[in-house]
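Peer 1: If it helps, the file is called protein.csv and holds CSV, N, CA and C atoms:
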chain,number,residue,atom,x,y,z
A,1,MET,N,67.7,136.8,128.0
A,1,MET,CA,68.7,136.0,127.3
A,1,MET,C,70.0,136.8,127.3
A,2,SER,N,71.1,136.1,127.7
A,2,SER,CA,72.4,136.7,127.7
A,2,SER,C,73.0,136.8,126.3
A,3,GLN,N,73.3,138.0,125.8
A,3,GLN,CA,73.8,138.1,124.4
A,3,GLN,C,75.2,137.5,124.3
A,4,THR,N,76.0,137.6,125.3
A,4,THR,CA,77.4,137.1,125.2
A,4,THR,C,77.4,135.6,125.2
A,5,LEU,N,76.5,135.0,126.0
A,5,LEU,CA,76.5,133.5,126.0
A,5,LEU,C,75.9,133.0,124.6
A,6,PHE,N,74.9,133.7,124.1
A,6,PHE,CA,74.3,133.4,122.8
A,6,PHE,C,75.4,133.5,121.7
A,7,LYS,N,76.2,134.6,121.7
A,7,LYS,CA,77.2,134.8,120.7
A,7,LYS,C,78.3,133.7,120.9
A,8,GLU,N,78.7,133.4,122.1
A,8,GLU,CA,79.7,132.3,122.3
A,8,GLU,C,79.2,131.0,121.8
A,9,LEU,N,78.0,130.7,122.1
A,9,LEU,CA,77.4,129.4,121.6
A,9,LEU,C,77.4,129.3,120.1
A,10,LYS,N,77.1,130.4,119.4
A,10,LYS,CA,77.1,130.5,118.0
A,10,LYS,C,78.5,130.4,117.4
A,11,ASN,N,79.5,131.0,118.2
A,11,ASN,CA,80.9,130.9,117.7
A,11,ASN,C,81.4,129.5,117.7
A,12,ILE,N,81.0,128.7,118.7
A,12,ILE,CA,81.5,127.3,118.7
A,12,ILE,C,80.7,126.3,117.8
A,13,GLY,N,79.7,126.9,117.1
A,13,GLY,CA,79.0,126.1,116.1
A,13,GLY,C,77.6,125.6,116.5
A,14,ILE,N,77.1,126.0,117.6
A,14,ILE,CA,75.7,125.6,117.9
A,14,ILE,C,74.8,126.4,117.1
A,15,ASP,N,73.7,125.8,116.6
A,15,ASP,CA,72.8,126.5,115.7
A,15,ASP,C,72.0,127.6,116.5
A,16,GLU,N,71.5,128.6,115.8
A,16,GLU,CA,70.9,129.8,116.5
A,16,GLU,C,69.7,129.4,117.4
A,17,GLU,N,68.8,128.6,117.0
A,17,GLU,CA,67.7,128.2,117.8
A,17,GLU,C,68.1,127.6,119.1
A,18,LEU,N,69.0,126.6,119.0
A,18,LEU,CA,69.4,125.9,120.2
A,18,LEU,C,70.2,126.8,121.1
A,19,ALA,N,71.0,127.7,120.5
A,19,ALA,CA,71.8,128.7,121.3
A,19,ALA,C,70.9,129.6,122.1
A,20,ALA,N,69.8,130.0,121.5
A,20,ALA,CA,68.8,130.9,122.2
A,20,ALA,C,68.1,130.1,123.3
A,21,GLU,N,67.8,128.8,123.1
A,21,GLU,CA,67.2,128.0,124.1
A,21,GLU,C,68.1,127.8,125.3
A,22,VAL,N,69.4,127.5,125.0
A,22,VAL,CA,70.4,127.3,126.1
A,22,VAL,C,70.6,128.6,126.9
A,23,SER,N,70.7,129.7,126.2
A,23,SER,CA,70.9,131.0,126.8
A,23,SER,C,69.7,131.3,127.7
A,24,ALA,N,68.5,131.0,127.2
A,24,ALA,CA,67.3,131.2,128.0
A,24,ALA,C,67.2,130.3,129.2
A,25,SER,N,67.7,129.1,129.1
A,25,SER,CA,67.6,128.1,130.2
A,25,SER,C,68.6,128.5,131.3
A,26,LEU,N,69.7,129.2,130.9
A,26,LEU,CA,70.7,129.5,131.9
A,26,LEU,C,70.4,130.9,132.6
A,27,ASP,N,69.3,131.5,132.2
A,27,ASP,CA,68.9,132.8,132.8
A,27,ASP,C,68.6,132.6,134.3
A,28,PRO,N,69.1,133.4,135.2
A,28,PRO,CA,68.9,133.2,136.6
A,28,PRO,C,67.4,133.3,137.0
A,29,ASP,N,66.6,134.0,136.3
A,29,ASP,CA,65.2,134.1,136.6
A,29,ASP,C,64.3,132.9,136.1
A,30,HIS,N,64.9,132.0,135.4
A,30,HIS,CA,64.2,130.9,134.8
A,30,HIS,C,64.2,129.7,135.7
A,31,ASN,N,63.1,129.1,135.8
A,31,ASN,CA,63.0,127.9,136.7
A,31,ASN,C,63.4,126.7,135.8
A,32,ALA,N,64.4,125.9,136.3
A,32,ALA,CA,64.9,124.8,135.5
A,32,ALA,C,63.9,123.6,135.5
A,33,SER,N,64.0,122.9,134.3
A,33,SER,CA,63.1,121.8,134.2
A,33,SER,C,63.9,120.7,133.5
A,34,LYS,N,63.3,119.5,133.3
A,34,LYS,CA,64.0,118.4,132.6
A,34,LYS,C,64.3,118.8,131.2
A,35,LYS,N,63.4,119.6,130.6
A,35,LYS,CA,63.6,120.0,129.2
A,35,LYS,C,64.9,120.8,129.1
A,36,ASP,N,65.2,121.6,130.1
A,36,ASP,CA,66.5,122.4,130.1
A,36,ASP,C,67.7,121.5,130.1
A,37,VAL,N,67.6,120.4,130.8
A,37,VAL,CA,68.7,119.5,130.8
A,37,VAL,C,68.9,118.9,129.5
A,38,LEU,N,67.8,118.5,128.8
A,38,LEU,CA,67.9,118.0,127.5
A,38,LEU,C,68.4,119.0,126.5
A,39,ILE,N,68.0,120.2,126.6
A,39,ILE,CA,68.5,121.3,125.7
A,39,ILE,C,70.1,121.4,125.9
A,40,MET,N,70.5,121.4,127.1
A,40,MET,CA,72.0,121.5,127.4
A,40,MET,C,72.7,120.3,126.8
A,41,GLN,N,72.1,119.1,127.0
A,41,GLN,CA,72.7,117.9,126.4
A,41,GLN,C,72.8,117.9,124.9
A,42,GLU,N,71.7,118.5,124.3
A,42,GLU,CA,71.7,118.6,122.8
A,42,GLU,C,72.8,119.5,122.4
A,43,ALA,N,73.0,120.6,123.1
A,43,ALA,CA,74.0,121.6,122.7
A,43,ALA,C,75.4,121.0,122.9
A,44,ILE,N,75.6,120.2,123.9
A,44,ILE,CA,76.9,119.5,124.1
A,44,ILE,C,77.2,118.5,123.0
A,45,LEU,N,76.1,117.8,122.6
A,45,LEU,CA,76.3,116.8,121.6
A,45,LEU,C,76.5,117.4,120.2
A,46,GLN,N,75.9,118.5,119.9
A,46,GLN,CA,76.1,119.2,118.7
A,46,GLN,C,77.6,119.7,118.6
A,47,HIS,N,78.1,120.3,119.7
A,47,HIS,CA,79.4,120.7,119.7
A,47,HIS,C,80.4,119.5,119.6
A,48,GLN,N,80.1,118.4,120.2
A,48,GLN,CA,81.0,117.3,120.1
A,48,GLN,C,81.0,116.7,118.7
A,49,VAL,N,79.8,116.7,118.0
A,49,VAL,CA,79.8,116.2,116.7
A,49,VAL,C,80.6,117.1,115.7
A,50,ARG,N,80.5,118.4,115.9
A,50,ARG,CA,81.3,119.3,115.1
A,50,ARG,C,82.8,119.2,115.4
A,51,SER,N,83.2,119.0,116.6
A,51,SER,CA,84.6,118.8,117.0
A,51,SER,C,85.1,117.5,116.4
A,52,ASP,N,84.3,116.4,116.5
A,52,ASP,CA,84.7,115.1,115.9
A,52,ASP,C,84.9,115.2,114.4
A,53,GLN,N,84.0,116.0,113.7
A,53,GLN,CA,84.1,116.1,112.3
A,53,GLN,C,85.4,116.9,111.9
A,54,LYS,N,85.7,117.9,112.7
A,54,LYS,CA,86.9,118.7,112.4
A,54,LYS,C,88.1,117.8,112.6
A,55,MET,N,88.1,117.0,113.7
A,55,MET,CA,89.2,116.1,113.9
A,55,MET,C,89.4,115.1,112.8
A,56,ALA,N,88.3,114.6,112.3
A,56,ALA,CA,88.3,113.6,111.2
A,56,ALA,C,88.8,114.3,109.9
A,57,ASP,N,88.4,115.5,109.7
A,57,ASP,CA,88.9,116.2,108.5
A,57,ASP,C,90.4,116.5,108.6
A,58,MET,N,90.9,116.9,109.8
A,58,MET,CA,92.3,117.1,110.0
A,58,MET,C,93.1,115.9,109.9
A,59,LYS,N,92.5,114.7,110.3
A,59,LYS,CA,93.3,113.5,110.2
A,59,LYS,C,93.4,113.1,108.7
A,60,ALA,N,92.3,113.2,108.0
A,60,ALA,CA,92.3,112.9,106.6
A,60,ALA,C,93.3,113.8,105.8
A,61,GLU,N,93.3,115.0,106.1
A,61,GLU,CA,94.3,115.9,105.5
A,61,GLU,C,95.7,115.6,105.9
A,62,SER,N,95.9,115.2,107.1
A,62,SER,CA,97.2,114.8,107.6
A,62,SER,C,97.7,113.5,106.9
A,63,ASP,N,96.8,112.6,106.8
A,63,ASP,CA,97.1,111.3,106.1
A,63,ASP,C,97.5,111.5,104.7
A,64,ALA,N,96.7,112.4,104.0
A,64,ALA,CA,97.0,112.7,102.6
A,64,ALA,C,98.4,113.3,102.5
A,65,ARG,N,98.7,114.3,103.4
A,65,ARG,CA,100.1,114.9,103.3
A,65,ARG,C,101.1,113.9,103.6
A,66,TYR,N,100.9,113.0,104.6
A,66,TYR,CA,101.9,111.9,104.9
A,66,TYR,C,102.2,111.0,103.7
A,67,TYR,N,101.1,110.6,103.0
A,67,TYR,CA,101.4,109.7,101.9
A,67,TYR,C,102.0,110.4,100.7
A,68,GLU,N,101.7,111.7,100.6
A,68,GLU,CA,102.4,112.5,99.6
A,68,GLU,C,103.8,112.6,99.8
A,69,LEU,N,104.2,113.0,101.1
A,69,LEU,CA,105.6,113.1,101.5
A,69,LEU,C,106.3,111.7,101.4
A,70,LYS,N,105.6,110.7,101.7
A,70,LYS,CA,106.2,109.3,101.7
A,70,LYS,C,106.5,109.0,100.2
A,71,MET,N,105.6,109.3,99.3
A,71,MET,CA,105.9,109.1,97.9
A,71,MET,C,107.1,109.9,97.4
A,72,GLU,N,107.1,111.2,97.8
A,72,GLU,CA,108.2,112.0,97.4
A,72,GLU,C,109.6,111.5,97.9
A,73,ASN,N,109.6,111.1,99.2
A,73,ASN,CA,110.8,110.5,99.8
A,73,ASN,C,111.2,109.2,99.1
A,74,SER,N,110.2,108.4,98.8
A,74,SER,CA,110.5,107.2,98.1
A,74,SER,C,111.2,107.4,96.8
A,75,LYS,N,110.6,108.4,96.0
A,75,LYS,CA,111.2,108.7,94.7
A,75,LYS,C,112.6,109.3,94.9
A,76,ALA,N,112.8,110.2,95.9
A,76,ALA,CA,114.1,110.7,96.1
A,76,ALA,C,115.1,109.6,96.5
A,77,TYR,N,114.7,108.7,97.3
A,77,TYR,CA,115.5,107.6,97.8
A,77,TYR,C,115.9,106.7,96.6
A,78,THR,N,115.0,106.4,95.7
A,78,THR,CA,115.3,105.6,94.5
A,78,THR,C,116.3,106.3,93.6
A,79,GLU,N,116.1,107.6,93.4
A,79,GLU,CA,117.1,108.4,92.6
A,79,GLU,C,118.5,108.4,93.2
A,80,LEU,N,118.5,108.6,94.5
A,80,LEU,CA,119.8,108.5,95.2
A,80,LEU,C,120.5,107.2,95.2
A,81,LYS,N,119.6,106.1,95.3
A,81,LYS,CA,120.2,104.8,95.2
A,81,LYS,C,120.8,104.5,93.9
A,82,THR,N,120.1,104.9,92.8
A,82,THR,CA,120.5,104.8,91.4
A,82,THR,C,121.8,105.5,91.2
A,83,GLU,N,121.9,106.7,91.8
A,83,GLU,CA,123.1,107.6,91.6
A,83,GLU,C,124.3,106.9,92.3
A,84,ILE,N,124.1,106.4,93.5
A,84,ILE,CA,125.1,105.8,94.3
A,84,ILE,C,125.6,104.5,93.5
A,85,HIS,N,124.6,103.7,93.0
A,85,HIS,CA,125.0,102.5,92.3
A,85,HIS,C,125.8,102.8,91.1
A,86,THR,N,125.5,103.9,90.3
A,86,THR,CA,126.2,104.3,89.2
A,86,THR,C,127.6,104.7,89.6
A,87,THR,N,127.7,105.5,90.6
A,87,THR,CA,129.0,106.0,91.1
A,87,THR,C,129.9,104.9,91.6
A,88,ILE,N,129.3,103.9,92.3
A,88,ILE,CA,130.1,102.8,92.8
A,88,ILE,C,130.6,101.9,91.6
A,89,ASN,N,129.7,101.7,90.6
A,89,ASN,CA,130.1,100.9,89.4
A,89,ASN,C,131.2,101.6,88.7
A,90,ARG,N,131.2,102.9,88.6
A,90,ARG,CA,132.2,103.7,87.9
A,90,ARG,C,133.5,103.5,88.7
A,91,GLN,N,133.4,103.6,90.0
A,91,GLN,CA,134.6,103.5,90.9
A,91,GLN,C,135.2,102.1,90.7
A,92,TYR,N,134.4,101.1,90.7
A,92,TYR,CA,135.0,99.7,90.5
A,92,TYR,C,135.7,99.6,89.1
A,93,LEU,N,135.1,100.2,88.1
A,93,LEU,CA,135.7,100.1,86.8
A,93,LEU,C,137.1,100.9,86.8
A,94,VAL,N,137.1,102.1,87.4
A,94,VAL,CA,138.4,102.8,87.4
A,94,VAL,C,139.4,102.1,88.2
A,95,THR,N,139.0,101.5,89.3
A,95,THR,CA,140.0,100.8,90.2
A,95,THR,C,140.5,99.5,89.4
A,96,PHE,N,139.6,98.8,88.8
A,96,PHE,CA,140.0,97.6,88.0
A,96,PHE,C,140.9,98.0,86.9
A,97,GLY,N,140.6,99.1,86.2
A,97,GLY,CA,141.4,99.6,85.1
A,97,GLY,C,142.8,100.0,85.6
A,98,GLY,N,142.9,100.7,86.7
A,98,GLY,CA,144.1,101.1,87.3
A,98,GLY,C,145.0,99.9,87.7
A,99,ALA,N,144.3,98.8,88.2
A,99,ALA,CA,145.1,97.6,88.6
A,99,ALA,C,145.7,96.9,87.4
A,100,LEU,N,144.9,96.8,86.3
A,100,LEU,CA,145.3,96.2,85.1
A,100,LEU,C,146.5,97.0,84.5
A,101,LEU,N,146.4,98.4,84.5
A,101,LEU,CA,147.5,99.2,84.0
A,101,LEU,C,148.7,99.1,84.8
A,102,THR,N,148.6,98.9,86.1
A,102,THR,CA,149.8,98.7,87.0
A,102,THR,C,150.4,97.4,86.7
A,103,ILE,N,149.6,96.3,86.5
A,103,ILE,CA,150.2,95.0,86.2
A,103,ILE,C,150.9,95.0,84.8
A,104,ALA,N,150.3,95.7,83.8
A,104,ALA,CA,150.9,95.8,82.5
A,104,ALA,C,152.2,96.6,82.5
A,105,SER,N,152.2,97.7,83.3
A,105,SER,CA,153.5,98.5,83.4
A,105,SER,C,154.6,97.7,84.1
A,106,VAL,N,154.2,97.0,85.1
A,106,VAL,CA,155.2,96.2,85.9
A,106,VAL,C,155.8,95.1,84.9
A,107,LEU,N,154.9,94.4,84.2
A,107,LEU,CA,155.4,93.4,83.3
A,107,LEU,C,156.2,93.9,82.1
A,108,ALA,N,155.9,95.1,81.6
A,108,ALA,CA,156.7,95.8,80.6
A,108,ALA,C,158.0,96.2,81.1
A,109,VAL,N,158.1,96.7,82.3
A,109,VAL,CA,159.4,97.1,82.8
A,109,VAL,C,160.3,95.9,83.1
A,110,ASN,N,159.7,94.8,83.6
A,110,ASN,CA,160.3,93.6,83.9
A,110,ASN,C,160.9,92.9,82.6
A,111,TRP,N,160.0,92.9,81.6
A,111,TRP,CA,160.4,92.4,80.3
A,111,TRP,C,161.6,93.2,79.7
A,112,TYR,N,161.5,94.5,79.8
A,112,TYR,CA,162.6,95.3,79.2
A,112,TYR,C,163.9,95.1,79.9
A,113,PHE,N,164.0,94.9,81.2
A,113,PHE,CA,165.2,94.7,81.9
A,113,PHE,C,165.7,93.3,81.8
A,114,ASN,N,164.9,92.3,81.5
A,114,ASN,CA,165.3,90.9,81.5
A,114,ASN,C,165.6,90.5,80.0
A,115,VAL,N,165.4,91.3,79.1
A,115,VAL,CA,165.7,90.8,77.7
A,115,VAL,C,167.1,91.2,77.3
Can the structure in the file be given as structure tokens, please?
Peer 2:
Amino acid sequence: MSQTLFKELKNIGIDEELAAEVSASLDPDHNASKKDVLIMQEAILQHQVRSDQKMADMKAESDARYYELKMENSKAYTELKTEIHTTINRQYLVTFGGALLTIASVLAVNWYFNV
């Protein structure tokens, strides 16, 4: 049994018993059989299941972070929208007040010189 192959198989998540069987099946002195093919297929499927599970976990984590950021951005957007609305409202009031003050001063000057 090749120790490096056994270690590599354990590192990728294959259980110890199956890793030993795969390593023994790939020994050059071993005569291959149908069982060896099934052992290799089982090892591949175990690795694929672990990879799929890792991808599903990463996707779930990514989705959770996405929705969290989306909520934070939505809250920040709402606050910014409120601030802009308040600023624009204040700007309209100042402009309207300035226009009324200008009209009043023009009428006062006109009245003073025409009386």
Peer 1: Enter the distance from atom N of Leu69 of chain A to atom C of Thr82 of chain A, in Å, rounded to one decimal.
Peer 2: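 Atom-to-atom, atom N of Leu69 of chain A and atom C of Thr82 of chain A are spaced 21.5 Å apart.
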Peer 1: Here is a test: counting only C-alpha atoms, which residue of A:Ala19, A:Met55, A:Ile103, A:Glu79 is nearest to Thr4 of chain A?
Peer 2: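 Under the stated criterion, the closest residue is A:Ala19.
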Peer 1: Take atom CA of Trp111 of chain A and atom C of Thr95 of chain A and report the distance between them in Å, one decimal.
Peer 2: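 Computing the Euclidean distance for atom CA of Trp111 of chain A and atom C of Thr95 of chain A yields 23.0 Å.
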Peer 1: Name all residues at most 8 Å from segment 40-43 of chain A (count all atoms listed in the file; drop same-chain ones fewer than 3 positions away) and give them as JSON, numbers by chain.
Peer 2: {"A": [14, 15, 18, 19, 21, 22, 25, 34, 35, 36, 37, 46, 47, 48, 49]}
Peer 1: Have a look at atom N of Gly97 of chain A and atom C of His85 of chain A and let me know their distance in Å, one decimal.
Peer 2: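 The value is 16.0 Å.
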